[in-house]
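The next block is final.pdb, given as PDB, C-alpha atoms, pLDDT in the B column.
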```pdb
ATOM      1  CA  MET H  17      23.207  41.481 -32.193  1.00 49.00           C
ATOM      2  CA  MET H  18      19.725  40.280 -31.457  1.00 52.00           C
ATOM      3  CA  ARG H  19      17.185  42.739 -32.786  1.00 61.00           C
ATOM      4  CA  PHE H  20      14.267  41.591 -30.644  1.00 64.00           C
ATOM      5  CA  TRP H  21      16.102  41.591 -27.324  1.00 68.00           C
ATOM      6  CA  PRO H  22      18.925  44.144 -27.413  1.00 72.00           C
ATOM      7  CA  ALA H  23      21.871  43.553 -25.124  1.00 70.00           C
ATOM      8  CA  THR H  24      22.377  46.090 -22.337  1.00 73.00           C
ATOM      9  CA  ASP H  25      24.937  44.413 -20.078  1.00 76.00           C
ATOM     10  CA  ARG H  26      28.602  45.038 -20.871  1.00 77.00           C
ATOM     11  CA  ALA H  27      29.507  41.335 -20.689  1.00 77.00           C
ATOM     12  CA  GLN H  28      26.636  40.434 -23.007  1.00 79.00           C
ATOM     13  CA  LEU H  29      27.705  43.127 -25.475  1.00 81.00           C
ATOM     14  CA  ASP H  30      31.256  41.729 -25.460  1.00 81.00           C
ATOM     15  CA  TYR H  31      29.923  38.215 -26.021  1.00 81.00           C
ATOM     16  CA  GLU H  32      27.635  39.311 -28.859  1.00 83.00           C
ATOM     17  CA  ARG H  33      30.522  41.158 -30.539  1.00 83.00           C
ATOM     18  CA  LEU H  34      32.722  38.045 -30.308  1.00 84.00           C
ATOM     19  CA  ARG H  35      29.849  35.889 -31.553  1.00 84.00           C
ATOM     20  CA  GLU H  36      29.349  38.094 -34.622  1.00 85.00           C
ATOM     21  CA  MET H  37      33.073  37.950 -35.382  1.00 84.00           C
ATOM     22  CA  ALA H  38      33.096  34.147 -35.041  1.00 84.00           C
ATOM     23  CA  LEU H  39      30.042  33.731 -37.269  1.00 86.00           C
ATOM     24  CA  ALA H  40      31.593  36.013 -39.886  1.00 87.00           C
ATOM     25  CA  GLY H  41      34.720  33.838 -39.856  1.00 85.00           C
ATOM     26  CA  THR H  42      37.059  36.622 -38.785  1.00 84.00           C
ATOM     27  CA  HIS H  43      39.951  36.222 -36.361  1.00 82.00           C
ATOM     28  CA  LEU H  44      38.971  37.063 -32.770  1.00 81.00           C
ATOM     29  CA  ILE H  45      41.180  39.907 -31.547  1.00 81.00           C
ATOM     30  CA  GLY H  46      41.143  42.342 -28.653  1.00 81.00           C
ATOM     31  CA  PRO H  47      41.154  42.121 -24.870  1.00 82.00           C
ATOM     32  CA  GLU H  48      37.690  40.541 -24.780  1.00 80.00           C
ATOM     33  CA  ALA H  49      38.811  37.800 -27.179  1.00 83.00           C
ATOM     34  CA  THR H  50      41.903  37.119 -25.074  1.00 83.00           C
ATOM     35  CA  ARG H  51      39.846  36.956 -21.884  1.00 80.00           C
ATOM     36  CA  PHE H  52      37.312  34.647 -23.579  1.00 79.00           C
ATOM     37  CA  HIS H  53      40.108  32.437 -24.935  1.00 81.00           C
ATOM     38  CA  HIS H  54      41.712  32.018 -21.498  1.00 81.00           C
ATOM     39  CA  GLY H  55      38.619  31.774 -19.305  1.00 81.00           C
ATOM     40  CA  GLY H  56      35.595  31.250 -21.502  1.00 79.00           C
ATOM     41  CA  LEU H  57      32.257  32.939 -20.955  1.00 78.00           C
ATOM     42  CA  ARG H  58      32.851  33.083 -17.223  1.00 80.00           C
ATOM     43  CA  ALA H  59      35.892  35.318 -17.772  1.00 78.00           C
ATOM     44  CA  LEU H  60      33.782  37.726 -19.808  1.00 75.00           C
ATOM     45  CA  ILE H  61      31.151  37.913 -17.087  1.00 76.00           C
ATOM     46  CA  ARG H  62      33.530  38.138 -14.109  1.00 75.00           C
ATOM     47  CA  ARG H  63      35.914  40.724 -15.445  1.00 64.00           C
ATOM     48  CA  SER H  64      37.982  42.875 -13.130  1.00 55.00           C
ATOM     49  CA  SER H  65      37.452  46.142 -14.993  1.00 52.00           C
ATOM     50  CA  SER H  66      33.753  46.352 -14.297  1.00 49.00           C
ATOM     51  CA  ALA H  67      31.837  49.465 -15.343  1.00 52.00           C
ATOM     52  CA  SER H  68      30.156  49.699 -11.951  1.00 53.00           C
ATOM     53  CA  PRO H  69      32.197  51.193  -9.123  1.00 58.00           C
ATOM     54  CA  PRO H  70      33.049  48.966  -6.158  1.00 62.00           C
ATOM     55  CA  LEU H  71      30.776  49.215  -3.161  1.00 67.00           C
ATOM     56  CA  ILE H  72      32.360  50.838  -0.138  1.00 73.00           C
ATOM     57  CA  PRO H  73      30.400  50.206   3.058  1.00 73.00           C
ATOM     58  CA  THR H  74      30.359  52.826   5.775  1.00 79.00           C
ATOM     59  CA  LEU H  75      28.901  52.751   9.254  1.00 77.00           C
ATOM     60  CA  VAL H  76      26.978  55.755  10.473  1.00 81.00           C
ATOM     61  CA  GLU H  77      26.081  56.237  14.102  1.00 82.00           C
ATOM     62  CA  VAL H  78      22.337  56.375  14.644  1.00 77.00           C
ATOM     63  CA  PRO H  79      20.889  57.317  18.028  1.00 79.00           C
ATOM     64  CA  ARG H  80      18.549  54.881  19.749  1.00 74.00           C
ATOM     65  CA  PRO H  81      14.895  55.691  18.970  1.00 75.00           C
ATOM     66  CA  ARG H  82      13.054  57.183  21.949  1.00 77.00           C
ATOM     67  CA  TRP H  83      10.113  54.813  21.601  1.00 75.00           C
ATOM     68  CA  SER H  84      12.148  51.661  22.233  1.00 69.00           C
ATOM     69  CA  PRO H  85      14.051  51.851  25.508  1.00 72.00           C
ATOM     70  CA  TYR H  86      14.671  48.064  25.669  1.00 77.00           C
ATOM     71  CA  LEU H  87      14.471  46.798  22.097  1.00 80.00           C
ATOM     72  CA  ASP H  88      17.040  48.196  19.711  1.00 80.00           C
ATOM     73  CA  PRO H  89      16.020  48.012  16.019  1.00 81.00           C
ATOM     74  CA  ARG H  90      19.547  49.059  15.067  1.00 81.00           C
ATOM     75  CA  LEU H  91      20.839  45.635  16.125  1.00 84.00           C
ATOM     76  CA  ASP H  92      18.264  43.949  13.883  1.00 86.00           C
ATOM     77  CA  ALA H  93      19.322  46.126  10.952  1.00 86.00           C
ATOM     78  CA  LEU H  94      22.990  45.345  11.627  1.00 86.00           C
ATOM     79  CA  ALA H  95      22.249  41.603  11.802  1.00 90.00           C
ATOM     80  CA  ASP H  96      20.297  41.781   8.523  1.00 92.00           C
ATOM     81  CA  ALA H  97      23.155  43.613   6.814  1.00 89.00           C
ATOM     82  CA  TYR H  98      25.668  41.049   8.097  1.00 90.00           C
ATOM     83  CA  ALA H  99      23.461  38.182   6.881  1.00 92.00           C
ATOM     84  CA  LEU H 100      23.226  39.806   3.443  1.00 90.00           C
ATOM     85  CA  LEU H 101      26.999  40.231   3.176  1.00 87.00           C
ATOM     86  CA  ASP H 102      27.577  36.686   4.447  1.00 88.00           C
ATOM     87  CA  ALA H 103      25.185  35.246   1.838  1.00 88.00           C
ATOM     88  CA  ALA H 104      26.857  37.260  -0.935  1.00 85.00           C
ATOM     89  CA  ALA H 105      30.302  36.058   0.163  1.00 82.00           C
ATOM     90  CA  ARG H 106      29.095  32.442   0.264  1.00 82.00           C
ATOM     91  CA  ASP H 107      27.601  32.760  -3.238  1.00 80.00           C
ATOM     92  CA  ALA H 108      30.815  34.288  -4.572  1.00 74.00           C
ATOM     93  CA  TYR H 109      32.868  31.498  -2.983  1.00 69.00           C
ATOM     94  CA  GLN H 110      30.608  28.801  -4.420  1.00 70.00           C
ATOM     95  CA  SER H 111      30.811  30.312  -7.895  1.00 63.00           C
ATOM     96  CA  LEU H 112      34.609  30.045  -7.718  1.00 59.00           C
ATOM     97  CA  GLU H 113      34.522  26.321  -6.928  1.00 59.00           C
ATOM     98  CA  VAL H 114      35.182  23.931  -9.772  1.00 54.00           C
ATOM     99  CA  ALA H 115      32.275  21.622 -10.570  1.00 52.00           C
ATOM    100  CA  PRO H 116      33.165  17.913 -10.742  1.00 52.00           C
TER     101      PRO H 116
END
```

Target format structure tokens, applied to this file:
Amino acid sequence: MMRFWPATDRAQLDYERLREMALAGTHLIGPEATRFHHGGLRALIRRSSSASPPLIPTLVEVPRPRWSPYLDPRLDALADAYALLDAAARDAYQSLEVAP
């Protein structure tokens, strides 16, 4: 482990543990070693058993504000949320593409 910049992310901790084992000359064993062997560093980072729970979006009805009879700020908020989700989906898709 690095003493000056301690690892806090689970994937980084797994990588540092594997790195220490490799530098010590020991055989890499365990689920992290298997995942690293099959998919490299990317497999350690993009693991399915993430510590953070999955995000579950929910829609909540919000009444139209009284001060805006014609403009609806709820539509702007909905469009912003859709743009955020669309950008995240595009980034996830691009990260799955194989570089030439």

Could you list, as a PyMOL selection string, every residue matched by the PyMOL selection byres ((chain H and resi 49) around 12) in this structure? chain H and resi 27+30-35+37-38+42-48+50-57+59-60

Between atom CA of H:Ala108 and atom CA of H:Pro22, what is the distance in Å, rounded to a tenth?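 Going from atom CA of H:Ala108 over to atom CA of H:Pro22 covers 27.6 Å.
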
Non-local contacts of H:Leu75 (12 Å; all atoms listed in the file; under 3 positions in same chain excluded) as JSON, numbers by chain: {"H": [72, 78, 90, 93, 94, 97]}

What does the file look like for those residues with C-alpha atoms, as a PDB file, in the frame of the given file?
```pdb
ATOM      1  CA  ILE H  72      32.360  50.838  -0.138  1.00 73.00           C
ATOM      2  CA  VAL H  78      22.337  56.375  14.644  1.00 77.00           C
ATOM      3  CA  ARG H  90      19.547  49.059  15.067  1.00 81.00           C
ATOM      4  CA  ALA H  93      19.322  46.126  10.952  1.00 86.00           C
ATOM      5  CA  LEU H  94      22.990  45.345  11.627  1.00 86.00           C
ATOM      6  CA  ALA H  97      23.155  43.613   6.814  1.00 89.00           C
TER       7      ALA H  97
END
```

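A straight line drawn from atom CA of H:Ala99 to atom CA of H:Ile61 is 25.2 Å long.
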
Record the distance separating atom CA of H:Ala40 and atom CA of H:Arg58, expressed in Å with one decimal. 22.9 Å

Which polymer residues have any atom within 12 Å of an atom of H:Arg80, counting all atoms listed in the file, with same-chain residues fewer than 5 positions away left out, as a count of residues only? 7
